[in-house]
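File shown here: upload-v8.tsv, holding TSV, C-alpha atoms.
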chain	number	residue	atom	x	y	z
A	216	MET	CA	19.84	14.32	25.36
A	217	GLY	CA	18.30	10.97	26.27
A	218	LYS	CA	14.90	9.62	25.40
A	219	VAL	CA	11.85	11.36	26.82
A	220	LYS	CA	9.64	8.99	28.78
A	221	VAL	CA	6.02	9.60	27.75
A	222	LEU	CA	2.76	8.45	29.31
A	223	PHE	CA	0.06	8.61	26.63
A	224	MET	CA	-3.66	8.91	27.37
A	225	GLY	CA	-6.41	8.55	24.78
A	226	ARG	CA	-9.01	6.31	23.19
A	227	LYS	CA	-10.40	7.71	19.90
A	228	PRO	CA	-9.06	7.15	16.35
A	229	ILE	CA	-7.19	10.48	16.46
A	230	ALA	CA	-5.50	9.29	19.65
A	231	GLY	CA	-4.48	6.10	17.89
A	232	LYS	CA	-2.98	8.10	15.03
A	233	SER	CA	-1.13	10.32	17.51
A	234	LEU	CA	0.19	7.30	19.42
A	235	LYS	CA	1.49	5.69	16.23
A	236	TRP	CA	3.30	8.92	15.35
A	237	LEU	CA	4.78	9.07	18.84
A	238	LEU	CA	6.06	5.50	18.56
A	239	SER	CA	7.89	6.43	15.35
A	240	LYS	CA	10.08	8.94	17.19
A	241	GLU	CA	13.55	7.69	18.11
A	242	ASN	CA	13.86	10.14	21.02
A	243	VAL	CA	10.69	8.86	22.75
A	244	GLU	CA	10.05	5.94	25.08
A	245	VAL	CA	6.34	5.39	25.62
A	246	VAL	CA	6.28	3.92	29.14
A	247	GLY	CA	2.54	3.37	29.25
A	248	VAL	CA	-0.79	3.87	27.50
A	249	VAL	CA	-3.87	4.83	29.52
A	250	THR	CA	-7.18	4.11	27.84
A	251	ASP	CA	-10.74	3.01	28.53
A	252	SER	CA	-11.62	0.18	30.84
A	253	HIS	CA	-15.38	0.44	30.25
A	254	LEU	CA	-15.24	-0.39	26.52
A	255	PRO	CA	-14.58	-3.87	25.06
A	256	ARG	CA	-11.84	-2.60	22.72
A	257	SER	CA	-9.83	0.56	22.16
A	258	ILE	CA	-7.64	1.45	19.20
A	259	CYS	CA	-5.01	2.71	21.64
A	260	ALA	CA	-5.16	-0.55	23.58
A	261	ASP	CA	-4.64	-2.50	20.35
A	262	ILE	CA	-1.59	-0.40	19.43
A	263	ALA	CA	-0.12	-0.75	22.93
A	264	ILE	CA	-0.56	-4.53	22.90
A	265	GLU	CA	0.96	-4.84	19.41
A	266	SER	CA	3.91	-2.67	20.47
A	267	GLY	CA	4.50	-4.36	23.83
A	268	ILE	CA	3.74	-1.20	25.81
A	269	PRO	CA	2.28	-1.46	29.34
A	270	LEU	CA	-1.46	-0.80	29.26
A	271	PHE	CA	-3.42	0.81	32.10
A	272	ASN	CA	-6.92	1.96	32.88
A	273	PHE	CA	-7.19	5.31	34.66
A	274	ASP	CA	-7.24	3.98	38.23
A	275	GLU	CA	-4.32	1.63	37.60
A	276	ALA	CA	-2.22	4.42	36.08
A	277	LEU	CA	-3.00	6.82	38.92
A	278	SER	CA	-2.07	4.22	41.54
A	279	GLN	CA	1.18	3.29	39.76
A	280	VAL	CA	2.22	6.92	39.30
A	281	ASN	CA	1.35	7.93	42.87
A	282	SER	CA	3.33	4.98	44.27
A	283	GLY	CA	6.38	5.79	42.15
A	284	ALA	CA	6.21	2.51	40.24
A	285	LEU	CA	5.47	4.35	36.99
A	286	GLN	CA	7.76	7.26	36.14
A	287	PHE	CA	7.45	9.57	33.15
A	288	ASP	CA	8.82	12.90	31.90
A	289	LEU	CA	5.88	14.04	29.79
A	290	GLY	CA	2.18	13.27	29.83
A	291	LEU	CA	0.15	13.58	26.62
A	292	SER	CA	-3.64	13.52	26.76
A	293	MET	CA	-5.49	13.30	23.44
A	294	LEU	CA	-9.23	13.67	24.06
A	295	PHE	CA	-8.95	11.54	27.20
A	296	TRP	CA	-12.29	11.47	29.00
A	297	ARG	CA	-11.21	11.46	32.66
A	298	LYS	CA	-10.13	14.43	34.77
A	299	LEU	CA	-6.41	14.06	35.44
A	300	LYS	CA	-5.25	14.53	39.03
A	301	GLU	CA	-2.54	14.05	41.62
A	302	ASN	CA	0.81	12.87	40.21
A	303	LEU	CA	-0.60	12.47	36.70
A	304	VAL	CA	-0.54	16.27	36.79
A	305	HIS	CA	2.29	17.10	39.18
A	306	LEU	CA	4.95	14.41	38.62
A	307	PRO	CA	6.38	14.86	35.09
A	308	LYS	CA	9.19	17.39	34.72
A	309	PHE	CA	7.86	18.52	31.32
A	310	LYS	CA	4.29	18.52	32.68
A	311	THR	CA	1.20	16.96	31.08
A	312	VAL	CA	-0.27	18.46	27.91
A	313	ASN	CA	-3.92	18.12	26.95
A	314	PHE	CA	-5.21	18.58	23.40
A	315	HIS	CA	-8.65	20.17	23.63
A	316	PRO	CA	-11.05	20.25	20.62
A	317	ALA	CA	-12.10	23.87	21.09
A	318	PRO	CA	-10.49	27.29	21.44
A	319	LEU	CA	-9.54	28.22	25.00
A	320	PRO	CA	-10.19	30.06	27.20
A	321	GLU	CA	-13.65	30.59	25.68
A	322	TYR	CA	-14.93	27.00	25.43
A	323	LYS	CA	-14.12	24.72	28.35
A	324	GLY	CA	-15.61	21.29	29.02
A	325	THR	CA	-17.94	19.65	26.50
A	326	ALA	CA	-20.32	21.04	23.82
A	327	GLY	CA	-17.65	22.97	21.95
A	328	TYR	CA	-18.69	21.81	18.48
A	329	ASN	CA	-22.34	22.38	19.37
A	330	LEU	CA	-21.75	25.93	20.58
A	331	ALA	CA	-19.68	26.78	17.52
A	332	ILE	CA	-22.76	26.11	15.39
A	333	LEU	CA	-25.36	27.51	17.77
A	334	GLU	CA	-23.42	30.77	18.01
A	335	GLY	CA	-22.92	31.01	14.24
A	336	LEU	CA	-19.13	31.18	14.36
A	337	ASP	CA	-17.11	31.31	11.15
A	338	GLU	CA	-13.87	30.18	12.82
A	339	TRP	CA	-13.00	27.38	15.23
A	340	GLY	CA	-9.81	26.18	16.87
A	341	MET	CA	-7.94	23.37	18.63
A	342	THR	CA	-5.94	24.10	21.79
A	343	ALA	CA	-2.87	22.58	23.42
A	344	HIS	CA	-2.60	23.47	27.10
A	345	TYR	CA	-0.83	22.28	30.20
A	346	VAL	CA	-2.98	20.36	32.67
A	347	ASP	CA	-3.62	21.72	36.16
A	348	ASP	CA	-5.93	20.59	38.94
A	349	GLU	CA	-9.14	21.74	37.23
A	350	ILE	CA	-10.70	20.94	33.85
A	351	ASP	CA	-9.39	22.87	30.82
A	352	THR	CA	-7.95	25.68	32.95
A	353	GLY	CA	-4.21	25.10	32.53
A	354	GLU	CA	-1.94	27.59	30.75
A	355	ILE	CA	-2.35	27.70	26.96
A	356	ILE	CA	0.57	26.60	24.78
A	357	GLU	CA	-0.85	27.00	21.28
A	358	ILE	CA	-4.16	27.39	19.43
A	359	LYS	CA	-4.65	26.28	15.83
A	360	SER	CA	-7.56	28.16	14.23
A	361	PHE	CA	-9.34	27.39	10.98
A	362	PRO	CA	-12.44	28.63	9.08
A	363	ILE	CA	-15.80	26.86	9.29
A	364	CYS	CA	-19.11	27.40	7.49
A	365	LYS	CA	-21.71	28.68	9.94
A	366	ASP	CA	-24.56	27.87	7.52
A	367	THR	CA	-23.81	24.22	6.73
A	368	GLU	CA	-21.66	22.77	9.50
A	369	THR	CA	-23.02	19.99	11.72
A	370	ALA	CA	-21.48	18.75	14.96
A	371	GLN	CA	-20.48	15.60	13.09
A	372	SER	CA	-18.85	17.42	10.16
A	373	LEU	CA	-17.05	19.86	12.45
A	374	GLU	CA	-15.65	17.01	14.53
A	375	LYS	CA	-14.43	15.30	11.36
A	376	THR	CA	-12.80	18.49	10.05
A	377	SER	CA	-11.20	19.21	13.40
A	378	GLN	CA	-9.33	15.92	13.62
A	379	GLY	CA	-6.74	16.86	11.01
A	380	HIS	CA	-6.06	20.18	12.72
A	381	LEU	CA	-5.87	18.46	16.11
A	382	PHE	CA	-3.26	16.01	14.82
A	383	THR	CA	-1.23	18.83	13.26
A	384	LEU	CA	-1.28	20.65	16.60
A	385	PHE	CA	-0.27	17.47	18.44
A	386	VAL	CA	2.76	16.98	16.19
A	387	SER	CA	3.77	20.66	16.34
A	388	VAL	CA	3.64	20.98	20.12
A	389	THR	CA	5.07	17.55	20.90
A	390	GLU	CA	7.97	18.09	18.47
A	391	LYS	CA	8.90	21.32	20.26
A	392	ILE	CA	8.89	19.66	23.67
A	393	LEU	CA	10.92	16.69	22.46
A	394	LYS	CA	13.45	18.87	20.64
A	395	ASN	CA	14.00	21.36	23.44
A	396	GLN	CA	13.18	19.06	26.38
A	397	CYS	CA	11.70	21.91	28.34
A	398	ILE	CA	8.40	23.46	29.39
A	399	LEU	CA	7.13	25.64	26.54
A	400	PRO	CA	6.06	29.31	26.82
A	401	THR	CA	2.37	29.85	27.60
A	402	ILE	CA	-0.36	32.45	27.78
A	403	PRO	CA	-3.01	32.71	30.52
A	404	ASN	CA	-6.17	30.63	30.32
A	405	VAL	CA	-8.61	32.91	32.12
A	406	GLY	CA	-12.37	33.27	31.70
A	407	GLY	CA	-14.66	31.53	29.25
A	408	LYS	CA	-17.46	29.14	30.06
A	409	TYR	CA	-17.47	25.53	31.22
A	410	ILE	CA	-20.23	23.22	29.97
A	411	SER	CA	-20.68	19.84	31.66
A	412	ARG	CA	-21.99	16.78	29.84
A	413	SER	CA	-25.32	16.99	31.69
A	414	GLU	CA	-25.67	20.65	30.71
A	415	MET	CA	-24.96	19.75	27.10
A	416	GLU	CA	-27.71	17.11	27.13
A	417	LEU	CA	-30.21	19.68	28.43
A	418	MET	CA	-29.29	22.02	25.58
A	419	LYS	CA	-30.60	19.51	23.02
A	420	GLU	CA	-34.28	20.02	23.77
A	421	ILE	CA	-36.14	22.15	21.22
A	422	LYS	CA	-37.74	25.13	22.94
A	423	GLU	CA	-39.95	27.98	21.82
A	424	GLY	CA	-37.95	30.62	19.99
A	425	ASP	CA	-35.12	28.27	18.95
A	426	ASP	CA	-33.63	28.38	15.48
A	427	VAL	CA	-34.68	24.77	14.93
A	428	ALA	CA	-32.63	24.13	11.79
A	429	ARG	CA	-29.47	25.46	13.43
A	430	LYS	CA	-30.10	23.45	16.57
A	431	VAL	CA	-30.64	20.29	14.52
A	432	ARG	CA	-27.26	20.81	12.85
A	433	ALA	CA	-25.60	21.71	16.14
A	434	PHE	CA	-26.45	18.37	17.73
A	435	TRP	CA	-26.39	16.08	14.69
A	436	PHE	CA	-23.87	13.40	15.63
A	437	PRO	CA	-25.34	9.90	15.18
A	438	PRO	CA	-25.60	7.45	16.85
A	439	TYR	CA	-25.96	9.89	19.76
A	440	ASP	CA	-29.28	11.61	20.50
A	441	GLY	CA	-29.62	14.90	18.65
A	442	ALA	CA	-31.87	17.91	19.08
A	443	PHE	CA	-35.17	16.49	20.23
A	444	ILE	CA	-38.82	16.99	21.05
A	445	THR	CA	-40.73	14.89	23.57
A	446	ILE	CA	-44.05	13.22	22.69
A	447	ASN	CA	-45.89	11.13	25.26
A	448	GLY	CA	-42.75	11.00	27.36
A	449	ILE	CA	-40.58	9.69	24.52
A	450	LYS	CA	-37.70	11.69	22.98
A	451	PHE	CA	-37.58	11.96	19.19
A	452	THR	CA	-34.42	13.24	17.51
A	453	LEU	CA	-35.12	15.69	14.67
A	454	VAL	CA	-33.67	15.82	11.18
A	455	ASP	CA	-34.34	18.30	8.38
A	456	LYS	CA	-33.97	18.32	4.60
A	457	TYR	CA	-30.35	19.44	4.81
A	458	ILE	CA	-29.42	16.51	7.04
A	459	LEU	CA	-31.37	14.05	4.87
A	460	SER	CA	-29.75	15.28	1.68
A	461	SER	CA	-26.31	14.96	3.25
A	462	LEU	CA	-27.05	11.31	4.07
A	463	ALA	CA	-28.41	10.36	0.66
A	464	SER	CA	-26.38	8.02	-1.50
A	465	SER	CA	-25.60	9.30	-4.99
A	466	SER	CA	-26.80	5.93	-6.33
A	467	VAL	CA	-30.32	6.41	-4.93
A	468	SER	CA	-32.89	8.11	-7.17
A	469	LYS	CA	-34.99	10.92	-5.75
A	470	VAL	CA	-37.95	9.60	-7.73
A	471	PHE	CA	-40.08	6.97	-5.94
How does the structure come out when it is put into structure tokens?
Amino acid sequence: MGKVKVLFMGRKPIAGKSLKWLLSKENVEVVGVVTDSHLPRSICADIAIESGIPLFNFDEALSQVNSGALQFDLGLSMLFWRKLKENLVHLPKFKTVNFHPAPLPEYKGTAGYNLAILEGLDEWGMTAHYVDDEIDTGEIIEIKSFPICKDTETAQSLEKTSQGHLFTLFVSVTEKILKNQCILPTIPNVGGKYISRSEMELMKEIKEGDDVARKVRAFWFPPYDGAFITINGIKFTLVDKYILSSLASSSVSKVF
């Protein structure tokens, strides 16, 4: 078997770690890296430049793939922020795999970490699925589940915990595709709920009847706005004693 030509898409530190692992594989040729064009720097862009790999923003990659100038056997999307379409989905013979930071089919779109806390779950999961023409609706390849603490978890801590499991899933699924050079078995991805980014932002407002402490934890992810109240037209993000204690340095005395 020859080398598998891979187009990699991602931008976050976990994507950088995944890309470095991919570049260590002798049976892989990374033919391009697709990352952000709206940010000044990207860890994936840095790795691509250092490794001499062609670098694309989303529109460039889509144009190159649709024209036939960029060919690949397998697409890998690690927390990539754009909806994939056209030949980014339909061209590769081993398809395109997305690694989604929530269990499917239940939690599509954004707000997965937030909902895990709001709903008081004691287990969470990362999902590998094939990409189709919609968002997070492609057939499921594998889900990696792990326990979480419904009473102490914040969106920030859950995201941090999830990264290790997401990387393990990436390695497991990608290894199987590279070894067998085939499309892997799947299960249906039917049902669940899709939350858009705008819907997630609306969920942050504190309303009458809310479990305020839980909602504060569910949206605690600085530097982004958290759970908030509005005073004189200005939004104020809330914290509580649990959040404050988690931020305190061990070298700082509690006595003023």
Give the answer as one residue: which of A:Thr452, A:Ser292, A:Asn395, A:Thr376 has the shortest atom-to-atom distance to Arg432 of chain A, using all atoms listed in the file?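 The shortest atom-to-atom distance to Arg432 of chain A comes from A:Thr452.
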To one decimal in Å, tell me the separation between atom CA of Trp296 of chain A and atom CA of Ile449 of chain A. 28.7 Å
Write out as a ChimeraX atom specification which residues come within 7 Å of Leu381 of chain A when counting all atoms listed in the file, dropping same-chain ones fewer than 4 positions away. /A:341,377,385
Residues from the last selection, C-alpha atoms, saved as a compact mmCIF listing (two decimals), in the frame of the given file:
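So the final result, stored in selection.txt, reads:
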# COMPACT_ATOMS: atom_id res chain seq x y z
CA MET A 341 -7.94 23.37 18.63
CA SER A 377 -11.20 19.21 13.40
CA PHE A 385 -0.27 17.47 18.44
If the box runs along x, y and z of the file and leaves 5 Å on each side of segment 274-287 of chain A, what are its centre and edge lengths in Å, one decimal, as AutoDock Vina command-line options?
--center_x 0.3 --center_y 5.6 --center_z 38.7 --size_x 25.0 --size_y 17.9 --size_z 21.1
Mind giving me the straight-line distance from atom CA of Ile262 of chain A to atom CA of Leu303 of chain A in Å, one decimal?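 Here the two named atoms are 21.6 Å from each other.
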Select, from A:Ser282, A:Ser233, A:Asn447, A:Gln396, the residue with the minimum atom-to-atom distance to Lys218 of chain A, counting all atoms listed in the file.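 Looking only at the distances to Lys218 of chain A, the closest residue turns out to be A:Gln396.
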Quick one: distance from atom CA of Tyr409 of chain A to atom CA of Gly324 of chain A in Å, one decimal?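 Pair atom CA of Tyr409 of chain A / atom CA of Gly324 of chain A returns 5.1 Å.
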Residues within 9 Å of Pro318 of chain A, all atoms listed in the file, excluding chain neighbours under 2 positions, as a ChimeraX atom specification: /A:315-316,320-323,327,339-342,358-360
Surrounding residues of segment 415-421 of chain A excluding itself and chain neighbours under 2 positions, 9 Å, all atoms listed in the file, as an MDAnalysis selection string: chainID A and resid 325:326 329 410:413 423:427 430:431 433:434 440:445
Pick the closest to Val346 of chain A from A:Ala370, A:Ile363, A:Lys310, A:Gly379: which is it, counting all atoms listed in the file?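 Under the stated criterion, the closest residue is A:Lys310.
The point (6.5, 6.2, 27.0) has these residues within 10 Å of it when all atoms listed in the file are used: Lys218, Val219, Lys220, Val221, Leu222, Phe223, Leu234, Leu237, Leu238, Val243, Glu244, Val245, Val246, Gly247, Val248, Ile268, Pro269, Gln286, Phe287, Asp288, Leu289, Gly290 and Leu291 of chain A.
Remark: for Lys456 of chain A, the closest of the candidate residues A:Thr367, A:Glu241, A:Pro228, A:Gln279 is A:Thr367 (distances computed over all atoms listed in the file).
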Asp251 of chain A environment, 8 Å, all atoms listed in the file, sequence neighbours closer than 4 positions dropped, as a PDB file with C-alpha atoms, in the frame of the given file:
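And here is the file that came out, around.pdb:
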ATOM      1  CA  GLY A 225      -6.410   8.550  24.780  1.00  0.00           C
ATOM      2  CA  ARG A 226      -9.010   6.310  23.190  1.00  0.00           C
ATOM      3  CA  SER A 257      -9.830   0.560  22.160  1.00  0.00           C
ATOM      4  CA  ASN A 272      -6.920   1.960  32.880  1.00  0.00           C
ATOM      5  CA  PHE A 273      -7.190   5.310  34.660  1.00  0.00           C
TER       6      PHE A 273
END
